[in-house]
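Quick look at start_28.tsv (TSV, C-alpha atoms and all ligand atoms):
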```tsv
chain	number	residue	atom	x	y	z
A	24	MET	CA	96.81	47.45	76.65
A	25	LYS	CA	97.39	44.82	74.00
A	26	ASN	CA	100.42	43.19	75.61
A	27	GLN	CA	98.87	39.75	75.59
A	28	GLY	CA	101.10	37.18	74.02
A	29	LEU	CA	103.78	39.73	73.24
A	30	ILE	CA	107.36	39.54	74.37
A	31	ILE	CA	108.23	43.08	75.35
A	32	PRO	CA	111.82	44.18	74.76
A	33	GLU	CA	113.43	45.69	77.83
A	34	HIS	CA	115.33	48.11	75.60
A	35	LEU	CA	113.93	49.41	72.32
A	36	ALA	CA	116.11	51.49	70.00
A	37	ILE	CA	114.72	53.57	67.13
A	38	ILE	CA	116.38	55.33	64.22
A	39	MET	CA	113.86	58.13	63.71
A	40	ASP	CA	114.20	58.53	59.96
A	41	GLY	CA	112.13	60.00	57.14
A	42	ASN	CA	111.21	63.47	58.43
A	43	GLY	CA	112.70	65.23	55.40
A	44	ARG	CA	110.91	63.04	52.85
A	45	TRP	CA	107.68	63.36	54.78
A	46	ALA	CA	107.93	67.16	54.51
A	47	LYS	CA	108.99	67.06	50.86
A	48	LYS	CA	105.92	65.03	49.92
A	49	ARG	CA	103.85	67.88	51.35
A	50	LEU	CA	105.97	70.60	49.72
A	51	LEU	CA	107.01	71.77	53.18
A	52	PRO	CA	110.52	72.68	54.38
A	53	ARG	CA	112.50	69.80	55.94
A	54	LYS	CA	112.42	71.50	59.31
A	55	VAL	CA	108.65	71.18	59.44
A	56	GLY	CA	109.16	67.43	59.07
A	57	HIS	CA	111.47	67.49	62.08
A	58	ARG	CA	108.82	69.28	64.10
A	59	TYR	CA	106.32	66.52	63.33
A	60	GLY	CA	109.06	63.99	64.06
A	61	ALA	CA	109.50	65.45	67.54
A	62	GLU	CA	105.75	65.19	68.13
A	63	LYS	CA	105.94	61.56	67.09
A	64	LEU	CA	108.70	60.92	69.60
A	65	ARG	CA	106.47	62.25	72.32
A	66	GLN	CA	103.74	59.75	71.34
A	67	VAL	CA	106.13	56.84	71.00
A	68	VAL	CA	107.54	57.49	74.48
A	69	ARG	CA	104.01	57.19	75.86
A	70	TRP	CA	103.22	54.01	73.91
A	71	SER	CA	106.52	52.45	74.90
A	72	ALA	CA	106.03	53.23	78.59
A	73	ASP	CA	102.52	51.73	78.39
A	74	TYR	CA	103.97	48.51	76.97
A	75	GLY	CA	106.38	48.32	79.89
A	76	ILE	CA	109.51	49.02	77.85
A	77	LYS	CA	112.14	50.21	80.33
A	78	TYR	CA	114.66	51.85	78.01
A	79	LEU	CA	113.97	53.70	74.77
A	80	SER	CA	117.01	54.89	72.82
A	81	VAL	CA	116.39	57.18	69.88
A	82	TYR	CA	118.74	58.49	67.22
A	83	ALA	CA	117.89	62.17	66.99
A	84	PHE	CA	121.04	63.68	65.45
A	85	SER	CA	124.10	61.85	64.16
A	86	ALA	CA	127.72	63.00	64.17
A	87	GLU	CA	127.37	63.08	60.37
A	88	ASN	CA	124.21	65.21	60.45
A	89	TRP	CA	126.38	68.29	61.21
A	90	ALA	CA	127.17	68.28	57.48
A	91	ARG	CA	123.59	69.32	56.61
A	92	SER	CA	122.71	72.96	55.82
A	93	ALA	CA	123.16	75.47	58.64
A	94	ASP	CA	119.45	76.22	58.40
A	95	GLU	CA	118.47	72.59	59.05
A	96	VAL	CA	121.08	72.09	61.78
A	97	ASN	CA	119.95	75.25	63.58
A	98	ALA	CA	116.33	74.21	63.33
A	99	LEU	CA	117.17	70.85	64.90
A	100	MET	CA	119.20	72.41	67.70
A	101	ASN	CA	116.36	74.84	68.46
A	102	LEU	CA	113.89	72.00	68.36
A	103	ILE	CA	115.74	70.29	71.23
A	104	VAL	CA	115.32	73.38	73.38
A	105	GLU	CA	111.68	73.76	72.37
A	106	PHE	CA	110.87	70.08	72.98
A	107	PHE	CA	111.97	70.12	76.60
A	108	GLY	CA	110.34	73.48	77.25
A	109	LYS	CA	107.03	72.28	75.83
A	110	TYR	CA	106.90	68.75	77.23
A	111	GLU	CA	108.61	69.12	80.59
A	112	ASP	CA	105.36	68.56	82.51
A	113	GLU	CA	104.22	65.67	80.35
A	114	LEU	CA	107.58	63.91	80.65
A	115	ARG	CA	107.39	64.29	84.42
A	116	GLU	CA	103.84	62.93	84.56
A	117	GLU	CA	104.85	59.95	82.43
A	118	GLY	CA	107.80	59.22	84.74
A	119	VAL	CA	110.37	59.62	81.96
A	120	ARG	CA	114.01	59.76	82.94
A	121	LEU	CA	116.16	61.51	80.34
A	122	ARG	CA	119.66	60.52	79.29
A	123	PHE	CA	121.75	61.71	76.38
A	124	THR	CA	124.42	59.91	74.47
A	125	GLY	CA	126.89	61.45	72.04
A	126	GLU	CA	129.46	64.23	71.85
A	127	LEU	CA	127.33	66.72	73.76
A	128	SER	CA	130.15	69.26	73.90
A	129	ASP	CA	129.50	69.84	70.17
A	130	LEU	CA	126.04	71.24	70.94
A	131	PRO	CA	125.38	74.97	71.05
A	132	GLU	CA	125.46	76.37	74.60
A	133	LYS	CA	121.69	76.72	74.97
A	134	SER	CA	120.90	73.18	73.80
A	135	LEU	CA	123.63	71.76	76.03
A	136	GLN	CA	122.22	73.61	79.02
A	137	VAL	CA	118.74	72.27	78.34
A	138	VAL	CA	119.82	68.64	77.99
A	139	LYS	CA	121.97	68.78	81.12
A	140	GLN	CA	119.06	70.27	83.05
A	141	ALA	CA	116.62	67.67	81.70
A	142	GLU	CA	118.98	64.90	82.83
A	143	LEU	CA	119.31	66.41	86.27
A	144	ASP	CA	115.61	67.18	86.78
A	145	SER	CA	114.53	63.66	85.78
A	146	LYS	CA	117.15	61.58	87.59
A	147	ASP	CA	114.73	60.12	90.14
A	148	ARG	CA	112.09	59.00	87.64
A	149	ASP	CA	111.96	55.34	86.81
A	150	ARG	CA	108.99	54.37	84.65
A	151	ILE	CA	110.97	54.54	81.42
A	152	MET	CA	114.39	55.88	80.46
A	153	LEU	CA	114.51	57.91	77.25
A	154	ASN	CA	118.06	57.90	75.96
A	155	ILE	CA	118.48	60.47	73.18
A	156	ALA	CA	121.49	60.20	70.84
A	157	LEU	CA	122.72	63.66	69.88
A	158	SER	CA	125.85	64.35	67.86
A	159	TYR	CA	126.25	60.59	68.15
A	160	GLY	CA	128.33	58.23	66.03
A	161	GLY	CA	128.98	54.58	66.86
A	162	ARG	CA	132.51	54.60	65.49
A	163	GLN	CA	133.23	57.87	67.27
A	164	GLU	CA	132.00	56.31	70.50
A	165	ILE	CA	134.37	53.34	70.10
A	166	VAL	CA	137.35	55.57	69.30
A	167	ARG	CA	136.50	57.78	72.27
A	168	ALA	CA	136.29	54.72	74.54
A	169	SER	CA	139.71	53.57	73.32
A	170	ARG	CA	141.14	56.98	74.05
A	171	LEU	CA	139.68	56.98	77.57
A	172	PHE	CA	141.10	53.52	78.17
A	173	GLY	CA	144.51	54.69	76.92
A	174	GLN	CA	144.35	57.56	79.36
A	175	ASP	CA	143.59	55.24	82.30
A	176	LEU	CA	146.41	52.96	81.17
A	177	LEU	CA	148.90	55.84	81.09
A	178	GLU	CA	147.78	56.90	84.54
A	179	ASN	CA	148.10	53.33	85.84
A	180	GLN	CA	144.39	53.18	86.68
A	181	ILE	CA	144.03	49.90	84.78
A	182	ALA	CA	146.34	47.17	83.43
A	183	ILE	CA	146.28	46.25	79.74
A	184	ASP	CA	144.96	42.75	80.32
A	185	GLU	CA	142.05	44.18	82.28
A	186	LEU	CA	140.59	45.43	79.02
A	187	THR	CA	137.92	42.78	78.66
A	188	LEU	CA	134.59	42.89	76.83
A	189	GLU	CA	132.87	43.85	80.06
A	190	ASN	CA	135.42	46.50	81.09
A	191	PHE	CA	135.45	48.08	77.65
A	192	ARG	CA	131.76	48.84	78.10
A	193	ASN	CA	132.64	51.13	81.00
A	194	TYR	CA	134.30	53.51	78.56
A	195	LEU	CA	131.19	53.85	76.38
A	196	PHE	CA	128.74	56.73	76.85
A	197	THR	CA	126.06	54.75	78.73
A	198	PRO	CA	127.61	51.64	80.31
A	199	ASP	CA	124.68	51.30	82.70
A	200	ILE	CA	122.08	50.86	79.94
A	201	PRO	CA	121.66	47.26	78.70
A	202	ASP	CA	122.09	46.54	74.97
A	203	PRO	CA	118.99	47.11	72.84
A	204	ASP	CA	116.80	44.02	72.35
A	205	LEU	CA	115.07	45.43	69.30
A	206	LEU	CA	116.05	48.14	66.81
A	207	ILE	CA	113.35	49.66	64.63
A	208	ARG	CA	114.25	51.77	61.61
A	209	PRO	CA	111.29	53.38	59.88
A	210	GLY	CA	111.84	55.55	56.79
A	211	GLY	CA	112.66	52.84	54.25
A	212	GLU	CA	116.47	52.68	54.53
A	213	VAL	CA	117.98	49.34	55.45
A	214	ARG	CA	121.16	50.35	57.26
A	215	ILE	CA	122.45	51.23	60.71
A	216	SER	CA	123.92	54.66	59.80
A	217	ASN	CA	126.52	54.55	62.59
A	218	PHE	CA	124.05	54.02	65.44
A	219	LEU	CA	125.11	52.04	68.57
A	220	LEU	CA	127.58	49.84	66.67
A	221	TRP	CA	128.95	48.14	69.77
A	222	GLN	CA	125.61	47.70	71.49
A	223	LEU	CA	123.68	46.30	68.51
A	224	SER	CA	125.78	43.10	68.19
A	225	TYR	CA	122.87	40.80	69.05
A	226	THR	CA	119.94	43.17	68.68
A	227	GLU	CA	116.97	42.08	66.57
A	228	LEU	CA	116.61	44.44	63.59
A	229	TYR	CA	113.28	45.56	62.15
A	230	PHE	CA	112.92	47.85	59.15
A	231	SER	CA	109.78	49.58	57.95
A	232	ASP	CA	108.91	51.87	55.05
A	233	VAL	CA	106.69	54.16	57.11
A	234	LEU	CA	108.14	57.66	57.41
A	235	TRP	CA	108.77	58.60	61.04
A	236	PRO	CA	106.14	61.37	61.34
A	237	ASP	CA	103.54	58.84	60.10
A	238	TYR	CA	104.60	56.10	62.54
A	239	SER	CA	101.50	54.77	64.30
A	240	GLU	CA	100.68	52.83	67.41
A	241	ASP	CA	99.83	49.91	65.15
A	242	ASP	CA	103.25	50.12	63.44
A	243	LEU	CA	104.87	49.75	66.86
A	244	TYR	CA	102.52	46.88	67.70
A	245	GLN	CA	103.43	45.10	64.44
A	246	ALA	CA	107.14	45.45	65.23
A	247	LEU	CA	106.56	43.95	68.69
A	248	VAL	CA	104.56	41.07	67.18
A	249	GLU	CA	107.47	40.33	64.84
A	250	TYR	CA	109.99	40.65	67.67
A	251	SER	CA	107.96	38.19	69.75
A	252	LYS	CA	108.42	35.58	67.01
A	253	ARG	CA	112.17	35.91	66.79
A	254	GLU	CA	114.41	33.26	68.29
A	255	ARG	CA	117.42	34.86	69.89
A	256	ARG	CA	120.28	32.41	69.89
A	257	TYR	CA	123.43	34.44	70.58
A	258	GLY	CA	125.42	31.93	68.58
A	259	LYS	CA	124.18	28.94	70.56
A	260	VAL	CA	121.92	26.12	69.45
A	261	ASN	CA	118.53	26.19	71.15
A	262	LYS	CA	116.99	22.92	72.24
A	301	LIG	C1	115.66	61.89	60.38
A	301	LIG	O1	115.02	62.35	59.25
A	301	LIG	C2	116.02	62.98	61.35
A	301	LIG	C3	117.43	63.36	61.31
A	301	LIG	C4	118.36	62.74	60.66
A	301	LIG	C5	117.80	64.53	62.06
A	301	LIG	P1	115.81	62.82	57.97
A	301	LIG	O2	116.05	64.30	58.10
A	301	LIG	O3	117.02	62.01	57.75
A	301	LIG	O4	114.72	62.55	56.85
A	301	LIG	P2	114.99	61.97	55.41
A	301	LIG	O5	115.72	60.68	55.59
A	301	LIG	O6	115.77	63.00	54.66
A	301	LIG	O7	113.61	61.78	54.86
A	302	LIG	C1	120.28	58.53	60.66
A	302	LIG	O1	119.54	59.02	59.62
A	302	LIG	C2	120.40	59.57	61.73
A	302	LIG	C3	119.18	59.92	62.43
A	302	LIG	C4	118.00	59.41	62.22
A	302	LIG	C5	119.33	60.91	63.45
A	302	LIG	P1	120.22	59.68	58.34
A	302	LIG	O2	119.11	60.11	57.47
A	302	LIG	O3	121.18	60.72	58.77
A	302	LIG	O4	121.03	58.47	57.73
A	302	LIG	P2	121.44	58.15	56.24
A	302	LIG	O5	122.11	59.38	55.70
A	302	LIG	O6	120.18	57.84	55.48
A	302	LIG	O7	122.32	56.96	56.33
A	303	MG	MG	117.31	60.29	56.74
```
As structure tokens, please, write out the structure in this file.
Amino acid sequence: MKNQGLIIPEHLAIIMDGNGRWAKKRLLPRKVGHRYGAEKLRQVVRWSADYGIKYLSVYAFSAENWARSADEVNALMNLIVEFFGKYEDELREEGVRLRFTGELSDLPEKSLQVVKQAELDSKDRDRIMLNIALSYGGRQEIVRASRLFGQDLLENQIAIDELTLENFRNYLFTPDIPDPDLLIRPGGEVRISNFLLWQLSYTELYFSDVLWPDYSEDDLYQALVEYSKRERRYGKVNK
């Protein structure tokens, strides 16, 4: 492993972007790009685990992605089912614990079943946690958290002045996962696209033009080299 001299983020987040353009360049349908994108995820999980990254959060399908064509949405939903069918053994061997974040109740029955099962089957693994955002929107997550807090308030489970920064976190989808240390967005766009808005407050951001299906082990290495050079100050002045 080439960890030497690198600072390894405990939690890496990735916006897996560029599948459609990758396919278009090859005159292939967008869904073929997603298939290659899923293969890439499988590789990146392995590389990340080898680096000692403990949490890997990936944006697989946004709340806004439902507005794409039915054909593309269906292909993505089927891909979820296929992915876990195909890589169940490999994920077990790699010690990958699965978690999902997002409005999972929006998923078709079959996909929902598969993700719930994957979560359950992997709950005792601890080499790396793969947190997959599905039907996820950062704003939606914050509104949902506010609604859940309101409910607890109405039911006298909590007092209004108990809503602190730390307590608010408990109403988010994955309060037990620390905030990402590094966010990588391949695919050339320089925006967050509604990913983990709350959690990214002090995350280091890294953008790259490489399309996700082309993302290489060296691309990940380069991002980690850059991350290792960053000075994280959290608003303070370092000595
Ligand atoms: C990312 O690739 C995967 C999803 C959003 C599901 P895109 O499908 O956004 O690919 P581009 O950005 O159109 O190339
Ligand atoms: C963000 O990519 C969502 C995922 C990668 C799942 P998009 O392709 O949907 O984002 P925009 O439309 O470029 O902002
Ligand atoms: Mg895109």
Measuring between only C-alpha atoms, which one of A:Glu227, A:Glu111, A:Glu240, A:Glu87 shows the shortest distance to A:Tyr74?
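Using only C-alpha atoms, the shortest distance to A:Tyr74 belongs to A:Glu240.
The spacing separating atom CA of A:Ile155 from atom CA of A:Leu99 amounts to 13.3 Å.
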Counting only C-alpha atoms and all ligand atoms, what residues are within 12 Å of ligand LIG 302 (chain A), given as a ChimeraX atom specification? /A:36-44,53,57,60-61,64,80-91,96,99,125,155-161,207-219,234-235
Give me the residues within 9 Å of A:Gln136 as a tab-separated table (two decimals) with C-alpha atoms, in the coordinates of the input, counting all atoms listed in the file and dropping any in the same chain fewer than 5 places off.
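out15.tsv, freshly written:
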```tsv
chain	number	residue	atom	x	y	z
A	104	VAL	CA	115.32	73.38	73.38
A	131	PRO	CA	125.38	74.97	71.05
A	141	ALA	CA	116.62	67.67	81.70
```
If you count all atoms listed in the file, which residues fall within 9 Å of stretch 142-149 of chain A, apart from same-chain ones fewer than 5 positions away, as a compact mmCIF listing (two decimals) with C-alpha atoms, in the coordinates of the input?
```
# COMPACT_ATOMS: atom_id res chain seq x y z
CA LYS A 77 112.14 50.21 80.33
CA LEU A 114 107.58 63.91 80.65
CA ARG A 115 107.39 64.29 84.42
CA GLU A 117 104.85 59.95 82.43
CA GLY A 118 107.80 59.22 84.74
CA VAL A 119 110.37 59.62 81.96
CA ARG A 120 114.01 59.76 82.94
CA LEU A 121 116.16 61.51 80.34
CA ARG A 122 119.66 60.52 79.29
CA PHE A 123 121.75 61.71 76.38
CA VAL A 137 118.74 72.27 78.34
```
Students should find that atom CA of A:Ala46 and atom C5 of ligand LIG 301 (chain A) are spaced 12.7 Å
**Item:** Surrounding residues of A:Glu62 excluding itself and chain neighbours under 6 positions, 12 Å, only C-alpha atoms, as a list in words
**Value:**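 The residues satisfying every condition are Met39, Asn42, Val55, Gly56, Val68, Arg69, Leu102, Ile103, Glu105, Phe106, Phe107, Lys109, Tyr110, Trp235, Pro236, Asp237, Tyr238 and Ser239 of chain A.
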What separates atom O7 of ligand LIG 301 (chain A) and atom CA of A:Ser231 is a distance of 13.2 Å
Practice prompt. Find, counting all atoms listed in the file, the residue in A:Leu153, A:Leu195, A:Ile76, A:Leu205 that gets nearest to A:Leu171.
Written response: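 So, comparing all the options, the nearest one is A:Leu195.
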Could you rebuild stretch 66-82 of chain A with N, CA, C and O atoms and give it back as a CSV table (one decimal), keeping the file's coordinate frame?
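Contents of part.csv, as written:
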```
chain,number,residue,atom,x,y,z
A,66,GLN,N,104.7,60.8,71.3
A,66,GLN,CA,103.7,59.8,71.3
A,66,GLN,C,104.4,58.4,71.6
A,66,GLN,O,103.9,57.6,72.4
A,67,VAL,N,105.5,58.2,70.9
A,67,VAL,CA,106.1,56.8,71.0
A,67,VAL,C,106.7,56.6,72.4
A,67,VAL,O,106.6,55.5,72.9
A,68,VAL,N,107.1,57.6,73.1
A,68,VAL,CA,107.5,57.5,74.5
A,68,VAL,C,106.4,57.0,75.3
A,68,VAL,O,106.5,56.0,76.1
A,69,ARG,N,105.2,57.6,75.1
A,69,ARG,CA,104.0,57.2,75.9
A,69,ARG,C,103.6,55.7,75.6
A,69,ARG,O,103.4,54.9,76.5
A,70,TRP,N,103.6,55.4,74.3
A,70,TRP,CA,103.2,54.0,73.9
A,70,TRP,C,104.2,53.0,74.5
A,70,TRP,O,103.8,52.0,75.0
A,71,SER,N,105.5,53.4,74.4
A,71,SER,CA,106.5,52.4,74.9
A,71,SER,C,106.4,52.2,76.4
A,71,SER,O,106.5,51.1,76.9
A,72,ALA,N,106.2,53.3,77.1
A,72,ALA,CA,106.0,53.2,78.6
A,72,ALA,C,104.8,52.4,78.9
A,72,ALA,O,104.9,51.5,79.8
A,73,ASP,N,103.7,52.5,78.2
A,73,ASP,CA,102.5,51.7,78.4
A,73,ASP,C,102.8,50.2,78.1
A,73,ASP,O,102.1,49.4,78.8
A,74,TYR,N,103.6,49.9,77.2
A,74,TYR,CA,104.0,48.5,77.0
A,74,TYR,C,104.9,47.9,78.0
A,74,TYR,O,105.1,46.7,78.1
A,75,GLY,N,105.5,48.8,78.9
A,75,GLY,CA,106.4,48.3,79.9
A,75,GLY,C,107.8,48.3,79.4
A,75,GLY,O,108.7,47.6,80.1
A,76,ILE,N,108.1,48.9,78.3
A,76,ILE,CA,109.5,49.0,77.8
A,76,ILE,C,110.3,49.9,78.8
A,76,ILE,O,109.7,50.9,79.3
A,77,LYS,N,111.4,49.5,79.3
A,77,LYS,CA,112.1,50.2,80.3
A,77,LYS,C,113.1,51.2,79.8
A,77,LYS,O,113.4,52.2,80.4
A,78,TYR,N,113.7,50.9,78.6
A,78,TYR,CA,114.7,51.8,78.0
A,78,TYR,C,114.3,52.1,76.6
A,78,TYR,O,114.0,51.1,75.8
A,79,LEU,N,114.2,53.3,76.2
A,79,LEU,CA,114.0,53.7,74.8
A,79,LEU,C,115.1,54.6,74.3
A,79,LEU,O,115.3,55.7,74.8
A,80,SER,N,115.9,54.1,73.4
A,80,SER,CA,117.0,54.9,72.8
A,80,SER,C,116.6,55.4,71.4
A,80,SER,O,116.2,54.6,70.6
A,81,VAL,N,116.7,56.7,71.2
A,81,VAL,CA,116.4,57.2,69.9
A,81,VAL,C,117.5,58.0,69.3
A,81,VAL,O,118.2,58.7,70.0
A,82,TYR,N,117.7,57.8,68.0
A,82,TYR,CA,118.7,58.5,67.2
A,82,TYR,C,118.1,59.8,66.7
A,82,TYR,O,117.2,59.8,65.9
```
